[in-house]
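Next comes target-v9.cif, a file with mmCIF, C-alpha atoms.
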```cif
data_entry
#
loop_
_atom_site.group_PDB
_atom_site.id
_atom_site.type_symbol
_atom_site.label_atom_id
_atom_site.label_comp_id
_atom_site.auth_asym_id
_atom_site.auth_seq_id
_atom_site.Cartn_x
_atom_site.Cartn_y
_atom_site.Cartn_z
ATOM 1 C CA MET A 1 -21.282 2.196 -17.102
ATOM 2 C CA THR A 2 -21.324 -0.421 -14.337
ATOM 3 C CA LEU A 3 -20.091 -3.999 -14.329
ATOM 4 C CA SER A 4 -21.118 -6.961 -12.236
ATOM 5 C CA HIS A 5 -18.988 -7.433 -9.160
ATOM 6 C CA ARG A 6 -18.042 -11.013 -10.032
ATOM 7 C CA GLY A 7 -17.306 -10.119 -13.649
ATOM 8 C CA LEU A 8 -14.914 -7.351 -12.666
ATOM 9 C CA LEU A 9 -13.228 -9.594 -10.097
ATOM 10 C CA GLY A 10 -12.730 -12.290 -12.737
ATOM 11 C CA VAL A 11 -11.196 -9.866 -15.229
ATOM 12 C CA LEU A 12 -8.876 -8.372 -12.629
ATOM 13 C CA LEU A 13 -7.806 -11.782 -11.316
ATOM 14 C CA ILE A 14 -6.929 -13.033 -14.806
ATOM 15 C CA GLY A 15 -5.049 -9.789 -15.458
ATOM 16 C CA VAL A 16 -3.017 -10.122 -12.247
ATOM 17 C CA VAL A 17 -2.059 -13.717 -13.074
ATOM 18 C CA LEU A 18 -0.927 -12.754 -16.580
ATOM 19 C CA LEU A 19 1.019 -9.796 -15.244
ATOM 20 C CA GLY A 20 2.704 -12.063 -12.704
ATOM 21 C CA LEU A 21 3.869 -14.438 -15.427
ATOM 22 C CA ALA A 22 5.080 -11.493 -17.509
ATOM 23 C CA SER A 23 6.988 -10.135 -14.504
ATOM 24 C CA LEU A 24 8.802 -13.448 -14.080
ATOM 25 C CA ALA A 25 9.924 -13.232 -17.715
ATOM 26 C CA ILE A 26 11.267 -9.645 -17.580
ATOM 27 C CA GLY A 27 14.939 -9.193 -16.792
ATOM 28 C CA SER A 28 18.406 -8.816 -18.217
ATOM 29 C CA THR A 29 18.806 -12.591 -18.502
ATOM 30 C CA ALA A 30 16.517 -14.634 -20.758
ATOM 31 C CA VAL A 31 15.485 -17.842 -18.972
ATOM 32 C CA PRO A 32 12.489 -20.213 -19.324
ATOM 33 C CA VAL A 33 9.942 -19.017 -16.761
ATOM 34 C CA LEU A 34 7.917 -22.148 -16.098
ATOM 35 C CA GLY A 35 10.948 -24.430 -16.369
ATOM 36 C CA GLY A 36 12.975 -22.254 -14.008
ATOM 37 C CA LEU A 37 10.119 -22.075 -11.530
ATOM 38 C CA TRP A 38 9.695 -25.842 -11.570
ATOM 39 C CA GLN A 39 13.433 -26.372 -11.101
ATOM 40 C CA TRP A 40 13.446 -23.948 -8.177
ATOM 41 C CA LEU A 41 10.557 -25.801 -6.513
ATOM 42 C CA GLN A 42 12.550 -29.022 -6.873
ATOM 43 C CA GLY A 43 15.559 -27.428 -5.194
ATOM 44 C CA GLN A 44 17.830 -27.435 -8.230
ATOM 45 C CA GLY A 45 20.617 -24.864 -8.484
ATOM 46 C CA THR A 46 20.410 -24.097 -12.194
ATOM 47 C CA LEU A 47 20.698 -20.579 -13.589
ATOM 48 C CA ALA A 48 17.014 -20.498 -14.494
ATOM 49 C CA ALA A 49 16.003 -21.664 -11.009
ATOM 50 C CA ILE A 50 18.130 -19.008 -9.304
ATOM 51 C CA VAL A 51 16.990 -16.155 -11.560
ATOM 52 C CA VAL A 52 13.282 -17.011 -11.467
ATOM 53 C CA GLY A 53 12.925 -18.398 -7.949
ATOM 54 C CA GLU A 54 15.327 -16.268 -5.932
ATOM 55 C CA VAL A 55 15.352 -12.960 -7.826
ATOM 56 C CA ARG A 56 12.198 -12.413 -9.852
ATOM 57 C CA LEU A 57 9.642 -14.383 -7.827
ATOM 58 C CA PRO A 58 10.183 -12.509 -4.521
ATOM 59 C CA ARG A 59 10.111 -9.176 -6.349
ATOM 60 C CA THR A 60 6.888 -10.097 -8.130
ATOM 61 C CA LEU A 61 5.139 -11.361 -5.011
ATOM 62 C CA LEU A 62 6.216 -8.344 -2.953
ATOM 63 C CA ALA A 63 4.934 -5.950 -5.618
ATOM 64 C CA LEU A 64 1.599 -7.774 -5.727
ATOM 65 C CA CYS A 65 1.184 -7.812 -1.944
ATOM 66 C CA ALA A 66 2.285 -4.195 -1.462
ATOM 67 C CA GLY A 67 -0.075 -3.032 -4.201
ATOM 68 C CA ALA A 68 -2.950 -5.043 -2.729
ATOM 69 C CA CYS A 69 -2.317 -3.483 0.696
ATOM 70 C CA LEU A 70 -2.331 0.054 -0.672
ATOM 71 C CA GLY A 71 -5.339 -0.428 -2.949
ATOM 72 C CA LEU A 72 -7.409 -2.026 -0.195
ATOM 73 C CA ALA A 73 -6.402 0.592 2.386
ATOM 74 C CA GLY A 74 -7.256 3.419 -0.016
ATOM 75 C CA ALA A 75 -10.711 1.998 -0.744
ATOM 76 C CA ALA A 76 -11.426 1.485 2.973
ATOM 77 C CA LEU A 77 -10.276 4.969 3.976
ATOM 78 C CA GLN A 78 -12.253 6.655 1.223
ATOM 79 C CA GLY A 79 -15.355 4.720 2.255
ATOM 80 C CA LEU A 80 -14.835 5.469 5.950
ATOM 81 C CA LEU A 81 -14.240 9.186 5.416
ATOM 82 C CA ARG A 82 -16.702 9.547 2.528
ATOM 83 C CA ASN A 83 -14.024 11.504 0.702
ATOM 84 C CA PRO A 84 -12.601 10.477 -2.716
ATOM 85 C CA LEU A 85 -9.418 12.418 -1.945
ATOM 86 C CA ALA A 86 -8.550 10.277 1.069
ATOM 87 C CA ASP A 87 -5.338 8.315 0.609
ATOM 88 C CA PRO A 88 -2.905 6.665 3.024
ATOM 89 C CA SER A 89 -0.224 9.174 2.053
ATOM 90 C CA LEU A 90 -2.602 12.101 2.599
ATOM 91 C CA THR A 91 -3.724 10.918 6.016
ATOM 92 C CA GLY A 92 -0.240 10.605 7.489
ATOM 93 C CA ALA A 93 -0.185 6.792 7.554
ATOM 94 C CA SER A 94 2.664 6.406 5.067
ATOM 95 C CA GLN A 95 4.782 9.062 6.750
ATOM 96 C CA GLY A 96 4.114 7.564 10.159
ATOM 97 C CA ALA A 97 5.080 4.106 8.919
ATOM 98 C CA ALA A 98 8.271 5.459 7.348
ATOM 99 C CA LEU A 99 9.168 7.231 10.584
ATOM 100 C CA GLY A 100 8.589 4.103 12.662
ATOM 101 C CA ALA A 101 10.559 1.851 10.334
ATOM 102 C CA ALA A 102 13.416 4.351 10.012
ATOM 103 C CA ALA A 103 13.657 4.789 13.773
ATOM 104 C CA VAL A 104 13.872 1.026 14.246
ATOM 105 C CA PHE A 105 16.413 0.710 11.442
ATOM 106 C CA TYR A 106 18.762 3.400 12.779
ATOM 107 C CA PHE A 107 18.445 3.113 16.537
ATOM 108 C CA GLY A 108 18.115 -0.653 16.834
ATOM 109 C CA LEU A 109 14.709 -0.807 18.491
ATOM 110 C CA PHE A 110 13.040 -4.199 19.095
ATOM 111 C CA PRO A 111 16.308 -6.167 18.723
ATOM 112 C CA LEU A 112 14.640 -9.436 19.719
ATOM 113 C CA LEU A 113 12.377 -9.304 16.662
ATOM 114 C CA GLY A 114 15.236 -9.611 14.180
ATOM 115 C CA ILE A 115 14.163 -8.992 10.572
ATOM 116 C CA TYR A 116 10.614 -8.261 11.764
ATOM 117 C CA ALA A 117 11.684 -5.210 13.805
ATOM 118 C CA SER A 118 11.323 -2.671 10.981
ATOM 119 C CA ALA A 119 7.918 -4.077 10.060
ATOM 120 C CA VAL A 120 6.702 -3.732 13.645
ATOM 121 C CA GLY A 121 8.008 -0.159 13.722
ATOM 122 C CA GLY A 122 6.217 0.629 10.475
ATOM 123 C CA LEU A 123 2.954 -0.850 11.727
ATOM 124 C CA LEU A 124 3.117 1.091 14.994
ATOM 125 C CA GLY A 125 3.975 4.319 13.178
ATOM 126 C CA ALA A 126 1.094 3.973 10.708
ATOM 127 C CA LEU A 127 -1.407 3.140 13.448
ATOM 128 C CA ALA A 128 -0.284 6.075 15.581
ATOM 129 C CA ALA A 129 -0.578 8.469 12.634
ATOM 130 C CA LEU A 130 -4.056 7.283 11.642
ATOM 131 C CA VAL A 131 -5.385 7.404 15.207
ATOM 132 C CA LEU A 132 -3.975 10.905 15.660
ATOM 133 C CA VAL A 133 -5.527 12.094 12.395
ATOM 134 C CA LEU A 134 -8.971 10.768 13.288
ATOM 135 C CA TRP A 135 -8.718 12.275 16.771
ATOM 136 C CA LEU A 136 -7.761 15.685 15.383
ATOM 137 C CA ALA A 137 -10.512 15.607 12.782
ATOM 138 C CA GLY A 138 -13.165 14.718 15.353
ATOM 139 C CA PRO A 139 -16.254 12.547 14.957
ATOM 140 C CA GLY A 140 -18.602 13.333 12.115
ATOM 141 C CA ASN A 141 -16.142 15.633 10.375
ATOM 142 C CA PRO A 142 -14.593 13.667 7.501
ATOM 143 C CA ALA A 143 -13.894 16.875 5.564
ATOM 144 C CA ARG A 144 -11.278 17.861 8.161
ATOM 145 C CA VAL A 145 -9.380 14.587 7.889
ATOM 146 C CA ILE A 146 -7.279 15.834 4.959
ATOM 147 C CA LEU A 147 -6.262 18.944 6.898
ATOM 148 C CA ALA A 148 -5.412 16.880 9.958
ATOM 149 C CA GLY A 149 -3.510 14.463 7.721
ATOM 150 C CA LEU A 150 -1.389 17.260 6.333
ATOM 151 C CA ALA A 151 -0.556 18.370 9.866
ATOM 152 C CA VAL A 152 0.413 14.862 10.976
ATOM 153 C CA SER A 153 2.387 14.319 7.756
ATOM 154 C CA THR A 154 4.342 17.506 8.380
ATOM 155 C CA VAL A 155 5.163 16.515 11.951
ATOM 156 C CA ALA A 156 6.131 12.989 10.889
ATOM 157 C CA GLY A 157 8.295 14.380 8.087
ATOM 158 C CA ALA A 158 10.094 16.698 10.493
ATOM 159 C CA ALA A 159 10.633 13.842 12.941
ATOM 160 C CA LEU A 160 11.972 11.673 10.109
ATOM 161 C CA ALA A 161 14.433 14.414 9.201
ATOM 162 C CA ALA A 162 15.535 14.510 12.836
ATOM 163 C CA VAL A 163 16.030 10.740 12.808
ATOM 164 C CA LEU A 164 18.218 11.071 9.722
ATOM 165 C CA THR A 165 20.199 13.901 11.294
ATOM 166 C CA LEU A 166 20.771 12.100 14.583
ATOM 167 C CA ALA A 167 21.439 8.711 13.049
ATOM 168 C CA PRO A 168 24.607 7.120 14.471
ATOM 169 C CA ASN A 169 25.647 5.811 11.043
ATOM 170 C CA PRO A 170 25.750 8.661 8.505
ATOM 171 C CA TYR A 171 26.853 6.316 5.704
ATOM 172 C CA ALA A 172 23.474 4.597 5.821
ATOM 173 C CA LEU A 173 21.693 7.867 5.005
ATOM 174 C CA GLN A 174 21.753 7.275 1.259
ATOM 175 C CA GLU A 175 20.439 3.738 1.690
ATOM 176 C CA LEU A 176 17.464 4.962 3.712
ATOM 177 C CA VAL A 177 16.704 7.745 1.236
ATOM 178 C CA PHE A 178 16.505 5.233 -1.610
ATOM 179 C CA TRP A 179 14.358 2.960 0.550
ATOM 180 C CA LEU A 180 11.941 5.804 1.306
ATOM 181 C CA MET A 181 11.458 6.323 -2.447
ATOM 182 C CA GLY A 182 9.899 2.882 -2.661
ATOM 183 C CA SER A 183 11.255 -0.280 -4.243
ATOM 184 C CA VAL A 184 10.788 -4.043 -4.213
ATOM 185 C CA ALA A 185 14.219 -4.773 -5.692
ATOM 186 C CA GLU A 186 16.907 -6.751 -3.847
ATOM 187 C CA ARG A 187 14.457 -8.327 -1.413
ATOM 188 C CA GLY A 188 13.865 -11.968 -0.623
ATOM 189 C CA LEU A 189 11.035 -14.200 0.454
ATOM 190 C CA GLU A 190 11.720 -13.417 4.126
ATOM 191 C CA GLN A 191 10.267 -9.936 3.528
ATOM 192 C CA LEU A 192 7.174 -11.603 2.102
ATOM 193 C CA TRP A 193 6.587 -13.411 5.403
ATOM 194 C CA VAL A 194 6.553 -9.969 7.032
ATOM 195 C CA LEU A 195 4.152 -8.385 4.546
ATOM 196 C CA LEU A 196 1.772 -11.300 4.016
ATOM 197 C CA PRO A 197 0.485 -11.486 7.633
ATOM 198 C CA ALA A 198 -0.143 -7.717 7.578
ATOM 199 C CA LEU A 199 -2.111 -8.118 4.343
ATOM 200 C CA LEU A 200 -4.157 -11.051 5.627
ATOM 201 C CA LEU A 201 -4.920 -9.627 9.068
ATOM 202 C CA GLY A 202 -5.479 -6.058 7.912
ATOM 203 C CA GLY A 203 -7.559 -7.247 4.974
ATOM 204 C CA ALA A 204 -9.678 -9.437 7.260
ATOM 205 C CA LEU A 205 -10.379 -6.506 9.593
ATOM 206 C CA VAL A 206 -11.399 -4.272 6.685
ATOM 207 C CA TRP A 207 -13.491 -6.996 5.024
ATOM 208 C CA HIS A 208 -15.349 -7.659 8.274
ATOM 209 C CA GLN A 209 -16.541 -4.021 8.262
ATOM 210 C CA ARG A 210 -17.603 -3.944 4.604
ATOM 211 C CA HIS A 211 -21.307 -3.592 5.473
ATOM 212 C CA LEU A 212 -20.490 -0.611 7.677
ATOM 213 C CA LEU A 213 -18.729 1.055 4.734
ATOM 214 C CA HIS A 214 -21.856 0.642 2.617
ATOM 215 C CA ALA A 215 -24.052 2.052 5.385
ATOM 216 C CA LEU A 216 -21.718 5.024 5.907
ATOM 217 C CA SER A 217 -22.261 6.058 2.285
ATOM 218 C CA LEU A 218 -25.765 7.081 3.435
ATOM 219 C CA GLY A 219 -24.391 9.101 6.344
ATOM 220 C CA GLU A 220 -23.218 8.372 9.866
ATOM 221 C CA SER A 221 -26.638 8.989 11.447
ATOM 222 C CA VAL A 222 -28.293 6.595 8.998
ATOM 223 C CA ALA A 223 -25.662 3.942 9.707
ATOM 224 C CA GLU A 224 -26.301 4.254 13.437
ATOM 225 C CA SER A 225 -30.063 4.046 12.906
ATOM 226 C CA LEU A 226 -29.498 0.772 11.017
ATOM 227 C CA GLY A 227 -27.845 -0.701 14.083
ATOM 228 C CA PHE A 228 -24.161 -0.289 13.212
ATOM 229 C CA ALA A 229 -21.679 0.628 15.945
ATOM 230 C CA VAL A 230 -19.971 3.355 13.919
ATOM 231 C CA GLY A 231 -17.359 4.268 16.497
ATOM 232 C CA ARG A 232 -16.200 0.726 17.162
ATOM 233 C CA GLY A 233 -16.355 -0.256 13.477
ATOM 234 C CA SER A 234 -14.337 2.822 12.510
ATOM 235 C CA ARG A 235 -11.629 1.862 14.970
ATOM 236 C CA TRP A 236 -11.418 -1.627 13.466
ATOM 237 C CA LEU A 237 -11.162 -0.084 10.000
ATOM 238 C CA VAL A 238 -8.392 2.235 11.183
ATOM 239 C CA LEU A 239 -6.539 -0.723 12.691
ATOM 240 C CA GLY A 240 -6.882 -2.711 9.453
ATOM 241 C CA CYS A 241 -5.680 0.184 7.310
ATOM 242 C CA GLY A 242 -2.783 0.770 9.669
ATOM 243 C CA LEU A 243 -1.678 -2.845 9.326
ATOM 244 C CA LEU A 244 -1.964 -2.686 5.534
ATOM 245 C CA VAL A 245 -0.096 0.586 5.107
ATOM 246 C CA GLY A 246 2.473 -0.109 7.798
ATOM 247 C CA GLY A 247 3.353 -3.510 6.368
ATOM 248 C CA SER A 248 3.665 -2.124 2.838
ATOM 249 C CA VAL A 249 5.864 0.821 3.817
ATOM 250 C CA ALA A 250 8.016 -1.234 6.172
ATOM 251 C CA VAL A 251 8.874 -3.695 3.390
ATOM 252 C CA ALA A 252 8.658 -1.710 0.142
ATOM 253 C CA GLY A 253 9.132 1.890 1.291
ATOM 254 C CA GLY A 254 6.950 4.766 0.172
ATOM 255 C CA ILE A 255 4.790 3.962 -2.877
ATOM 256 C CA GLY A 256 2.413 6.868 -3.250
ATOM 257 C CA PHE A 257 -0.913 7.538 -4.986
ATOM 258 C CA VAL A 258 -1.864 3.881 -5.461
ATOM 259 C CA GLY A 259 -4.537 4.066 -2.773
ATOM 260 C CA LEU A 260 -5.870 7.243 -4.365
ATOM 261 C CA MET A 261 -5.876 6.226 -8.019
ATOM 262 C CA VAL A 262 -7.282 2.705 -7.849
ATOM 263 C CA PRO A 263 -10.589 3.392 -6.020
ATOM 264 C CA HIS A 264 -11.198 6.453 -8.150
ATOM 265 C CA LEU A 265 -10.795 4.474 -11.368
ATOM 266 C CA LEU A 266 -12.980 1.552 -10.271
ATOM 267 C CA ARG A 267 -15.736 3.380 -8.394
ATOM 268 C CA PRO A 268 -17.815 4.308 -11.501
ATOM 269 C CA LEU A 269 -17.702 0.664 -12.656
ATOM 270 C CA LEU A 270 -19.343 -0.562 -9.443
ATOM 271 C CA ALA A 271 -22.085 2.050 -9.016
ATOM 272 C CA HIS A 272 -20.065 3.776 -6.278
ATOM 273 C CA ARG A 273 -20.589 0.910 -3.813
ATOM 274 C CA ALA A 274 -17.940 1.236 -1.099
ATOM 275 C CA ASP A 275 -18.310 -2.364 0.052
ATOM 276 C CA ARG A 276 -17.914 -3.788 -3.459
ATOM 277 C CA LEU A 277 -14.765 -1.764 -4.070
ATOM 278 C CA LEU A 278 -12.602 -3.625 -1.571
ATOM 279 C CA LEU A 279 -11.590 -6.788 -3.431
ATOM 280 C CA PRO A 280 -11.378 -5.135 -6.897
ATOM 281 C CA CYS A 281 -9.180 -2.381 -5.465
ATOM 282 C CA ALA A 282 -6.890 -4.958 -3.864
ATOM 283 C CA LEU A 283 -6.454 -6.756 -7.204
ATOM 284 C CA ALA A 284 -6.122 -3.555 -9.226
ATOM 285 C CA GLY A 285 -3.617 -2.120 -6.751
ATOM 286 C CA ALA A 286 -1.550 -5.297 -6.995
ATOM 287 C CA GLY A 287 -1.566 -5.112 -10.782
ATOM 288 C CA LEU A 288 -0.740 -1.398 -10.851
ATOM 289 C CA VAL A 289 2.307 -1.698 -8.597
ATOM 290 C CA LEU A 290 3.508 -4.732 -10.540
ATOM 291 C CA VAL A 291 3.171 -2.868 -13.851
ATOM 292 C CA ALA A 292 5.109 0.070 -12.394
ATOM 293 C CA ASP A 293 7.866 -2.273 -11.207
ATOM 294 C CA MET A 294 8.032 -3.894 -14.636
ATOM 295 C CA LEU A 295 8.425 -0.458 -16.237
ATOM 296 C CA VAL A 296 11.222 0.303 -13.784
ATOM 297 C CA ARG A 297 13.037 -2.884 -14.817
ATOM 298 C CA LEU A 298 12.666 -2.039 -18.517
ATOM 299 C CA MET A 299 14.570 1.233 -18.137
ATOM 300 C CA PRO A 300 18.179 1.380 -19.436
ATOM 301 C CA PRO A 301 20.850 0.111 -17.005
ATOM 302 C CA GLY A 302 22.295 2.816 -14.804
ATOM 303 C CA ARG A 303 19.173 4.996 -15.066
ATOM 304 C CA GLN A 304 16.779 2.976 -12.943
ATOM 305 C CA LEU A 305 13.918 4.977 -11.473
ATOM 306 C CA GLN A 306 12.624 4.169 -8.020
ATOM 307 C CA LEU A 307 9.181 2.578 -7.901
ATOM 308 C CA GLY A 308 7.644 5.213 -5.632
ATOM 309 C CA VAL A 309 8.907 8.009 -7.866
ATOM 310 C CA LEU A 310 7.241 6.451 -10.920
ATOM 311 C CA THR A 311 3.868 5.995 -9.193
ATOM 312 C CA ALA A 312 4.029 9.591 -7.949
ATOM 313 C CA LEU A 313 4.752 10.905 -11.446
ATOM 314 C CA VAL A 314 1.676 9.068 -12.727
ATOM 315 C CA GLY A 315 -0.556 9.734 -9.734
ATOM 316 C CA ALA A 316 0.132 13.434 -9.179
ATOM 317 C CA PRO A 317 -1.677 14.597 -12.349
ATOM 318 C CA LEU A 318 -4.667 12.441 -11.427
ATOM 319 C CA PHE A 319 -4.724 13.975 -7.960
ATOM 320 C CA VAL A 320 -4.725 17.464 -9.466
ATOM 321 C CA ARG A 321 -7.620 16.419 -11.685
ATOM 322 C CA LEU A 322 -9.544 15.165 -8.645
ATOM 323 C CA VAL A 323 -8.979 18.439 -6.790
ATOM 324 C CA VAL A 324 -10.235 20.471 -9.768
ATOM 325 C CA LYS A 325 -13.278 18.212 -10.097
ATOM 326 C CA GLU A 326 -14.113 18.552 -6.409
ATOM 327 C CA ARG A 327 -13.800 22.335 -6.593
ATOM 328 C CA ARG A 328 -16.196 22.502 -9.531
ATOM 329 C CA GLN A 329 -18.730 20.367 -7.714
#
```
Final structure tokens representation of the file:
Amino acid sequence: MTLSHRGLLGVLLIGVVLLGLASLAIGSTAVPVLGGLWQWLQGQGTLAAIVVGEVRLPRTLLALCAGACLGLAGAALQGLLRNPLADPSLTGASQGAALGAAAVFYFGLFPLLGIYASAVGGLLGALAALVLVLWLAGPGNPARVILAGLAVSTVAGAALAAVLTLAPNPYALQELVFWLMGSVAERGLEQLWVLLPALLLGGALVWHQRHLLHALSLGESVAESLGFAVGRGSRWLVLGCGLLVGGSVAVAGGIGFVGLMVPHLLRPLLAHRADRLLLPCALAGAGLVLVADMLVRLMPPGRQLQLGVLTALVGAPLFVRLVVKERRQ
């Protein structure tokens, strides 16, 4: 069954707005959501304003932006590689971003950038990993991207372990481990100003190449015969995905399987159109990460599960199902 593109976008947008309001209402302290938000906008220091505006609102917005980054990057990579198993975590981008951010965090790189240093490190790490994967896979060989991604992921994981081992502050090891598991808790609006530019710029680069993604579904030779510069367009897509993944990992840590699950669930609803998947996947990814974060907050105190662990527990069975389906085909 297929749905109209605008109809699906409308449903997803309404769902994201409702989930955002629900997220502002979930917490250990019962406060009026709309009243607290209005008081926070007016600069009042009431309990409701502090809880809603300074605690729940940043967490909600970060979850939405991180999910949108991952969903959009997953849809773009799957369209570029013509492979439904392509995912930022499977192509080395997430591991590269984690390595870059961790190196900046521990060794004090880019000191002049202040709070933006880890984000820059994550962006550079994700871009380097994606470029290396595409170079190893070679042109016209999307089937080898997963294998190259596993190789880059292994190297990045080993380098990350070395960073942890050689870190000058061993007491920060536990903090970094929890960060790598993925979370949007205990973060403020300043992290949003790091993630939002990556989402806007990376999303703009991907959106600009949406017609190329549709043409690539017919094959690279057909896309070139239609007048598309496949090589240059692919590089812009890689840059956009690197910005999206790097910004998400640098701010929220590792949140896996979102970029894999969301395009796979929405693709049958849009007649497998790669270009029409972009915006719906961004909205659905935002909603999925926000739902996962809400489930994390609903767990009993003292037994809180990290956000990335929860998405992996849900996404791993779906990935196994995809592998079995591909083998049968």
Report, in Å to a single decimal, how far apart atom CA of A:Leu310 and atom CA of A:Ala156 are.
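About the pair atom CA of A:Ala156 and atom CA of A:Leu310: they are 22.8 Å apart.
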When distances are computed from all atoms listed in the file, which of A:Ala49, A:Cys241, A:Val133, A:Ala66 shows the smallest separation from A:Ala204?
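Of the candidates, the smallest distance to A:Ala204 is held by A:Cys241.
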Please return as a ChimeraX atom specification every residue within 12 Å of (11.9, 10.7, 13.9), taking into account all atoms listed in the file and the file's own coordinates.
/A:95-107,121,125,153-167
Within 12 Å of file point (-15.9, -3.8, -14.7), counting all atoms listed in the file, expressed as a list in words
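All residues meeting the 12 Å criterion around (-15.9, -3.8, -14.7) are Met1, Thr2, Leu3, Ser4, His5, Arg6, Gly7, Leu8, Leu9, Gly10, Val11, Leu12, Leu13, Leu265, Leu266, Arg267, Pro268, Leu269, Leu270, Ala271, Arg276, Leu277, Pro280, Cys281 and Ala284 of chain A.
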Would you write out, as a PDB file with C-alpha atoms, in the coordinates of the input, every residue that the PyMOL selection byres ((chain A and resi 247-249) around 9) captures in this file?
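Output contents, as saved in selection-v9.pdb:
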```pdb
ATOM      1  CA  LEU A  62       6.216  -8.344  -2.953  1.00  0.00           C
ATOM      2  CA  CYS A  65       1.184  -7.812  -1.944  1.00  0.00           C
ATOM      3  CA  ALA A  66       2.285  -4.195  -1.462  1.00  0.00           C
ATOM      4  CA  GLY A  67      -0.075  -3.032  -4.201  1.00  0.00           C
ATOM      5  CA  CYS A  69      -2.317  -3.483   0.696  1.00  0.00           C
ATOM      6  CA  LEU A  70      -2.331   0.054  -0.672  1.00  0.00           C
ATOM      7  CA  SER A  94       2.664   6.406   5.067  1.00  0.00           C
ATOM      8  CA  GLN A  95       4.782   9.062   6.750  1.00  0.00           C
ATOM      9  CA  ALA A  97       5.080   4.106   8.919  1.00  0.00           C
ATOM     10  CA  ALA A  98       8.271   5.459   7.348  1.00  0.00           C
ATOM     11  CA  ALA A 101      10.559   1.851  10.334  1.00  0.00           C
ATOM     12  CA  ALA A 119       7.918  -4.077  10.060  1.00  0.00           C
ATOM     13  CA  VAL A 120       6.702  -3.732  13.645  1.00  0.00           C
ATOM     14  CA  GLY A 122       6.217   0.629  10.475  1.00  0.00           C
ATOM     15  CA  LEU A 123       2.954  -0.850  11.727  1.00  0.00           C
ATOM     16  CA  ALA A 126       1.094   3.973  10.708  1.00  0.00           C
ATOM     17  CA  LEU A 180      11.941   5.804   1.306  1.00  0.00           C
ATOM     18  CA  GLY A 182       9.899   2.882  -2.661  1.00  0.00           C
ATOM     19  CA  VAL A 194       6.553  -9.969   7.032  1.00  0.00           C
ATOM     20  CA  LEU A 195       4.152  -8.385   4.546  1.00  0.00           C
ATOM     21  CA  LEU A 196       1.772 -11.300   4.016  1.00  0.00           C
ATOM     22  CA  PRO A 197       0.485 -11.486   7.633  1.00  0.00           C
ATOM     23  CA  ALA A 198      -0.143  -7.717   7.578  1.00  0.00           C
ATOM     24  CA  LEU A 199      -2.111  -8.118   4.343  1.00  0.00           C
ATOM     25  CA  GLY A 242      -2.783   0.770   9.669  1.00  0.00           C
ATOM     26  CA  LEU A 243      -1.678  -2.845   9.326  1.00  0.00           C
ATOM     27  CA  LEU A 244      -1.964  -2.686   5.534  1.00  0.00           C
ATOM     28  CA  VAL A 245      -0.096   0.586   5.107  1.00  0.00           C
ATOM     29  CA  GLY A 246       2.473  -0.109   7.798  1.00  0.00           C
ATOM     30  CA  ALA A 250       8.016  -1.234   6.172  1.00  0.00           C
ATOM     31  CA  VAL A 251       8.874  -3.695   3.390  1.00  0.00           C
ATOM     32  CA  ALA A 252       8.658  -1.710   0.142  1.00  0.00           C
ATOM     33  CA  GLY A 253       9.132   1.890   1.291  1.00  0.00           C
ATOM     34  CA  GLY A 254       6.950   4.766   0.172  1.00  0.00           C
ATOM     35  CA  ILE A 255       4.790   3.962  -2.877  1.00  0.00           C
TER      36      ILE A 255
END
```
Convert the output of the PyMOL selection byres ((chain A and resi 287) around 12) on the shown file into explicit residues, formatted as an MDAnalysis selection string.
chainID A and resid 11:23 60:71 258 262 280:286 288:294
Quick one: apply the PyMOL selection byres ((chain A and resi 236) around 12) to the file and drop the selected residues here as a VMD selection string.
chain A and resid 76 to 77 80 127 130 to 131 201 to 210 212 to 213 229 to 235 237 to 243
Hey, can you check how far atom CA of A:Pro84 sits from atom CA of A:His264?
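About the pair atom CA of A:Pro84 and atom CA of A:His264: they are 6.9 Å apart.
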So the first atom is atom CA of A:Gln191 and the second is atom CA of A:Gly27; what is the distance between them in Å, to one decimal place?
20.9 Å
When distances are computed from all atoms listed in the file, which of A:Arg321, A:Arg297, A:His272, A:Arg328 shows the smallest separation from A:Ala75?
A:His272
Of the candidates A:Ser118, A:Trp193, A:Leu90, A:Val52, which one gets nearest to A:Leu147 if we count all atoms listed in the file?
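Using all atoms listed in the file, the shortest distance to A:Leu147 belongs to A:Leu90.
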Coordinate excerpt as a PDB file, in the first residue's frame: stretch 92-104 of chain A, C-alpha atoms:
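The resulting out-v5.pdb:
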```pdb
ATOM      1  CA  GLY A  92      31.753   3.651   9.829  1.00  0.00           C
ATOM      2  CA  ALA A  93      30.330   7.177  10.135  1.00  0.00           C
ATOM      3  CA  SER A  94      29.125   6.795  13.719  1.00  0.00           C
ATOM      4  CA  GLN A  95      32.363   5.193  14.868  1.00  0.00           C
ATOM      5  CA  GLY A  96      34.406   7.844  13.103  1.00  0.00           C
ATOM      6  CA  ALA A  97      32.355  10.609  14.708  1.00  0.00           C
ATOM      7  CA  ALA A  98      32.730   9.020  18.145  1.00  0.00           C
ATOM      8  CA  LEU A  99      36.484   8.735  17.654  1.00  0.00           C
ATOM      9  CA  GLY A 100      36.796  12.367  16.582  1.00  0.00           C
ATOM     10  CA  ALA A 101      34.669  13.684  19.429  1.00  0.00           C
ATOM     11  CA  ALA A 102      36.426  11.504  22.013  1.00  0.00           C
ATOM     12  CA  ALA A 103      39.859  12.592  20.819  1.00  0.00           C
ATOM     13  CA  VAL A 104      38.858  16.244  21.120  1.00  0.00           C
TER      14      VAL A 104
END
```
